[in-house]
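**Q** Here it is, the structure in full.
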Amino acid sequence: MVSQEQRRRQLAREKFLRQQQRRTSARRKANMRNSVIASVLGVVVIGSVALYTTGVLKNDDDKKTNASADVTPSAPPTKKAPDPCAKPAAGSIGKETWKKEPAMSIDTSAKYTMKLATTCGDIGIALKTSAAPHTVNSFDFLAGKGFFDHTKCHRLTTNGIYVLQCGDPTGVGSGGPGYTIPDENLKDASLKGNKYPAGTVAMANTGQKHTGGSQFFLVYKDSPLPPSYTPFGTIDAAGLKVLDKIAAAGENTGAGDGAPNATVVINKATVTKS
């Protein structure tokens, strides 16, 4: 039978073993934490050195005569991906503008299509004539005048919303035909849930009502947007493949909103009555 003294010693020994186990475990955790911290610091130091040698963290006053000798030359930039599009057709952009929206000349009960013959491929669009008659009539007029011919699609958005914007003769987003048209078809059934689905063609505007002109955007992937932009057409399957090719080439800022890297030029825009 175990005496009280023996039991007391046994309990003390078990307590001591538990303490030793806890201390050993704590040392292991501390060593692991220190190793991780050291690794992270090493990465930060290496990253800082790399940034410094490429000039990112250099001071503005480093124009000293011996500054270039102390800095490792940066690596040459990587090659830009090949342009997936062809060279633009010969021709010049028209400069004519008009003071008033053109008079209604289309048959609003008929079907119309628009073809954008671009450097990246043809984009076919079924126009929503009866739902957006002012818009379709304006595009029929402008296409007939050659207004869109030889113009660049100046903006590609690849983050948040997914659109290619075209229709500006200046190529920078500030041009138009000289007149504006009213908003239309903002309750289109396709715009449920504040979303413009892939395949939609819609008018750009200034953010104010009834400020559409000639600029429009092509949606190549579902995009969350308020119903403030006249939807007036639907892109065909072949056109969506062209847009996917353009989007895959990216845009020039790397931030998801800039000029497309692909050379996207509308060689010819044609509106046809079916």
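Labels for the structure tokens follow display order: chains A, B, ..., residues from 1 in each chain, ligands from 1.
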Can I get the residues of segment 186-211 of chain A within 10 Å of segment 128-147 of chain A, each with the closest pair of atoms and their distance in Å to one decimal, using only C-alpha atoms, sorted chain first then ascending number, as CSV?

**A**
```
residue,atom,partner,partner_atom,distance
A:Leu186,CA,A:Ala132,CA,9.4
A:Lys187,CA,A:Ala131,CA,9.8
A:Asp188,CA,A:Ala131,CA,8.3
A:Val201,CA,A:Lys128,CA,9.9
A:Ala202,CA,A:Thr135,CA,9.6
A:Met203,CA,A:Thr135,CA,8.4
```

**Q** With N, CA, C and O atoms retained, could you export that selection as a CSV table (one decimal), in the first residue's frame?

**A**
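The resulting selection-v3.csv:
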```
chain,number,residue,atom,x,y,z
A,186,LEU,N,-34.2,52.0,-70.7
A,186,LEU,CA,-33.6,51.8,-69.4
A,186,LEU,C,-34.3,50.8,-68.5
A,186,LEU,O,-33.8,50.4,-67.5
A,187,LYS,N,-35.5,50.4,-68.9
A,187,LYS,CA,-36.2,49.3,-68.2
A,187,LYS,C,-36.1,48.0,-69.0
A,187,LYS,O,-37.0,47.1,-68.8
A,188,ASP,N,-35.1,47.8,-69.8
A,188,ASP,CA,-35.0,46.6,-70.6
A,188,ASP,C,-34.9,45.4,-69.6
A,188,ASP,O,-34.3,45.5,-68.6
A,201,VAL,N,-24.8,46.0,-75.9
A,201,VAL,CA,-24.2,47.2,-76.5
A,201,VAL,C,-25.0,48.3,-75.9
A,201,VAL,O,-26.2,48.3,-76.0
A,202,ALA,N,-24.3,49.3,-75.3
A,202,ALA,CA,-25.0,50.4,-74.6
A,202,ALA,C,-24.3,51.7,-74.9
A,202,ALA,O,-23.1,51.7,-75.2
A,203,MET,N,-25.0,52.8,-74.7
A,203,MET,CA,-24.5,54.1,-74.9
A,203,MET,C,-23.7,54.6,-73.6
A,203,MET,O,-24.1,54.4,-72.5
```

**Q** I'd like the contact shell of segment 223-227 of chain A - 6 Å cut-off, only C-alpha atoms, skipping same-chain residues fewer than 3 positions apart - returned as an NGL selection string.

**A** :A and (161-162 or 186 or 194-196)

**Q** Go ahead and write the residues just picked, N, CA and C atoms, as a compact mmCIF listing (two decimals), in the first residue's frame.

**A**
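part_14.txt was written with the following content:
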```txt
# COMPACT_ATOMS: atom_id res chain seq x y z
N ILE A 161 -15.95 46.10 -63.96
CA ILE A 161 -16.82 45.97 -65.11
C ILE A 161 -15.96 45.54 -66.29
N TYR A 162 -16.61 45.01 -67.32
CA TYR A 162 -15.85 44.38 -68.40
C TYR A 162 -16.39 44.87 -69.75
N LEU A 186 -34.24 52.04 -70.68
CA LEU A 186 -33.56 51.81 -69.40
C LEU A 186 -34.28 50.79 -68.51
N ASN A 194 -29.39 45.43 -61.63
CA ASN A 194 -28.30 46.39 -61.91
C ASN A 194 -27.10 45.70 -62.55
N LYS A 195 -27.39 44.95 -63.59
CA LYS A 195 -26.32 44.21 -64.28
C LYS A 195 -26.54 44.32 -65.78
N TYR A 196 -25.46 44.66 -66.49
CA TYR A 196 -25.48 44.63 -67.95
C TYR A 196 -24.83 43.31 -68.38
```

**Q** Could you check the closest approach to Val172 of chain A for each of A:Thr206, A:Gln215, A:Thr158, A:Thr200 and tell me which residue wins, using only C-alpha atoms?

**A**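 Using only C-alpha atoms, Val172 of chain A sits closest to A:Gln215.
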
**Q** At a cut-off of 10 Å, using only C-alpha atoms, what residues contact segment 88-99 of chain A? Leave out same-chain residues fewer than 2 positions from it and give the result as a tab-separated table (two decimals) with N, CA, C and O atoms, in the first residue's frame.

**A**
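The resulting file, selection.tsv, is reproduced below:
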```
chain	number	residue	atom	x	y	z
A	85	CYS	N	-4.21	41.77	-83.12
A	85	CYS	CA	-5.02	42.37	-84.17
A	85	CYS	C	-4.17	42.82	-85.36
A	85	CYS	O	-2.96	43.00	-85.24
A	86	ALA	N	-4.84	43.02	-86.49
A	86	ALA	CA	-4.15	43.40	-87.72
A	86	ALA	C	-3.93	44.92	-87.77
A	86	ALA	O	-4.45	45.67	-86.94
A	101	GLU	N	-29.70	66.51	-83.54
A	101	GLU	CA	-29.95	65.09	-83.77
A	101	GLU	C	-30.61	64.92	-85.13
A	101	GLU	O	-31.50	65.70	-85.50
A	102	PRO	N	-30.21	63.93	-85.91
A	102	PRO	CA	-30.82	63.75	-87.24
A	102	PRO	C	-32.30	63.41	-87.15
A	102	PRO	O	-32.76	62.78	-86.20
A	118	THR	N	-13.63	45.40	-87.61
A	118	THR	CA	-12.49	45.92	-86.85
A	118	THR	C	-11.20	45.21	-87.24
A	118	THR	O	-11.21	44.17	-87.90
A	119	THR	N	-10.11	45.77	-86.79
A	119	THR	CA	-8.80	45.16	-87.02
A	119	THR	C	-8.65	43.83	-86.31
A	119	THR	O	-7.74	43.06	-86.61
A	120	CYS	N	-9.53	43.55	-85.37
A	120	CYS	CA	-9.45	42.32	-84.58
A	120	CYS	C	-10.47	41.27	-85.02
A	120	CYS	O	-10.49	40.16	-84.51
A	142	LEU	N	-24.96	58.16	-88.51
A	142	LEU	CA	-23.51	58.33	-88.37
A	142	LEU	C	-22.73	57.31	-89.18
A	142	LEU	O	-21.71	57.63	-89.81
A	145	LYS	N	-22.56	58.24	-92.71
A	145	LYS	CA	-21.64	59.35	-92.96
A	145	LYS	C	-20.17	58.94	-92.81
A	145	LYS	O	-19.27	59.76	-92.98
A	146	GLY	N	-19.92	57.68	-92.43
A	146	GLY	CA	-18.54	57.22	-92.22
A	146	GLY	C	-17.93	57.75	-90.94
A	146	GLY	O	-16.69	57.75	-90.79
A	147	PHE	N	-18.78	58.18	-90.00
A	147	PHE	CA	-18.30	58.81	-88.77
A	147	PHE	C	-17.41	57.89	-87.94
A	147	PHE	O	-16.44	58.32	-87.33
A	148	PHE	N	-17.74	56.59	-87.90
A	148	PHE	CA	-17.00	55.64	-87.07
A	148	PHE	C	-15.78	55.03	-87.76
A	148	PHE	O	-14.94	54.41	-87.11
A	149	ASP	N	-15.69	55.22	-89.05
A	149	ASP	CA	-14.62	54.57	-89.82
A	149	ASP	C	-13.25	55.09	-89.40
A	149	ASP	O	-13.05	56.31	-89.26
A	150	HIS	N	-12.33	54.16	-89.16
A	150	HIS	CA	-10.92	54.44	-88.82
A	150	HIS	C	-10.76	54.97	-87.38
A	150	HIS	O	-9.68	55.46	-87.03
A	151	THR	N	-11.80	54.86	-86.56
A	151	THR	CA	-11.69	55.33	-85.17
A	151	THR	C	-11.23	54.21	-84.26
A	151	THR	O	-11.57	53.04	-84.46
A	152	LYS	N	-10.46	54.57	-83.23
A	152	LYS	CA	-9.98	53.60	-82.25
A	152	LYS	C	-11.03	53.34	-81.18
A	152	LYS	O	-11.78	54.24	-80.80
A	169	PRO	N	-14.18	59.86	-82.16
A	169	PRO	CA	-13.21	60.17	-83.22
A	169	PRO	C	-11.90	60.75	-82.71
A	169	PRO	O	-10.89	60.70	-83.40
A	170	THR	N	-11.90	61.29	-81.48
A	170	THR	CA	-10.65	61.83	-80.93
A	170	THR	C	-9.76	60.74	-80.37
A	170	THR	O	-8.55	60.93	-80.19
A	176	GLY	N	-17.44	63.51	-79.90
A	176	GLY	CA	-18.82	63.13	-80.18
A	176	GLY	C	-19.26	63.73	-81.50
A	176	GLY	O	-18.48	64.38	-82.20
A	177	PRO	N	-20.55	63.55	-81.85
A	177	PRO	CA	-21.05	64.02	-83.15
A	177	PRO	C	-21.48	65.48	-83.16
A	177	PRO	O	-21.87	65.99	-84.21
A	178	GLY	N	-21.48	66.12	-82.00
A	178	GLY	CA	-21.92	67.51	-81.92
A	178	GLY	C	-23.32	67.66	-81.38
A	178	GLY	O	-23.76	68.76	-81.04
A	179	TYR	N	-24.05	66.56	-81.26
A	179	TYR	CA	-25.40	66.59	-80.72
A	179	TYR	C	-25.55	65.48	-79.68
A	179	TYR	O	-24.68	64.59	-79.58
A	180	THR	N	-26.62	65.50	-78.93
A	180	THR	CA	-26.90	64.44	-77.96
A	180	THR	C	-28.25	63.83	-78.28
A	180	THR	O	-29.08	64.42	-78.97
A	263	THR	N	-4.50	46.59	-80.91
A	263	THR	CA	-4.81	47.71	-81.80
A	263	THR	C	-6.23	47.54	-82.32
A	263	THR	O	-6.47	46.87	-83.32
A	264	VAL	N	-7.19	48.13	-81.59
A	264	VAL	CA	-8.61	47.96	-81.93
A	264	VAL	C	-9.09	49.20	-82.69
A	264	VAL	O	-9.29	50.27	-82.11
A	265	VAL	N	-9.26	49.05	-83.97
A	265	VAL	CA	-9.72	50.15	-84.82
A	265	VAL	C	-10.93	49.66	-85.62
A	265	VAL	O	-10.92	48.55	-86.16
A	266	ILE	N	-11.96	50.49	-85.68
A	266	ILE	CA	-13.12	50.19	-86.52
A	266	ILE	C	-12.78	50.63	-87.94
A	266	ILE	O	-12.76	51.83	-88.24
A	267	ASN	N	-12.49	49.68	-88.80
A	267	ASN	CA	-12.20	50.03	-90.19
A	267	ASN	C	-13.44	50.55	-90.91
A	267	ASN	O	-13.38	51.50	-91.68
A	268	LYS	N	-14.58	49.91	-90.60
A	268	LYS	CA	-15.83	50.30	-91.24
A	268	LYS	C	-17.01	49.89	-90.38
A	268	LYS	O	-17.05	48.77	-89.86
```

**Q** For Gly199 of chain A, which residue among A:Asn159, A:Gly254, A:Asn261, A:Ile125 is the nearest when counting only C-alpha atoms?

**A**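 Under the stated criterion, the closest residue is A:Ile125.
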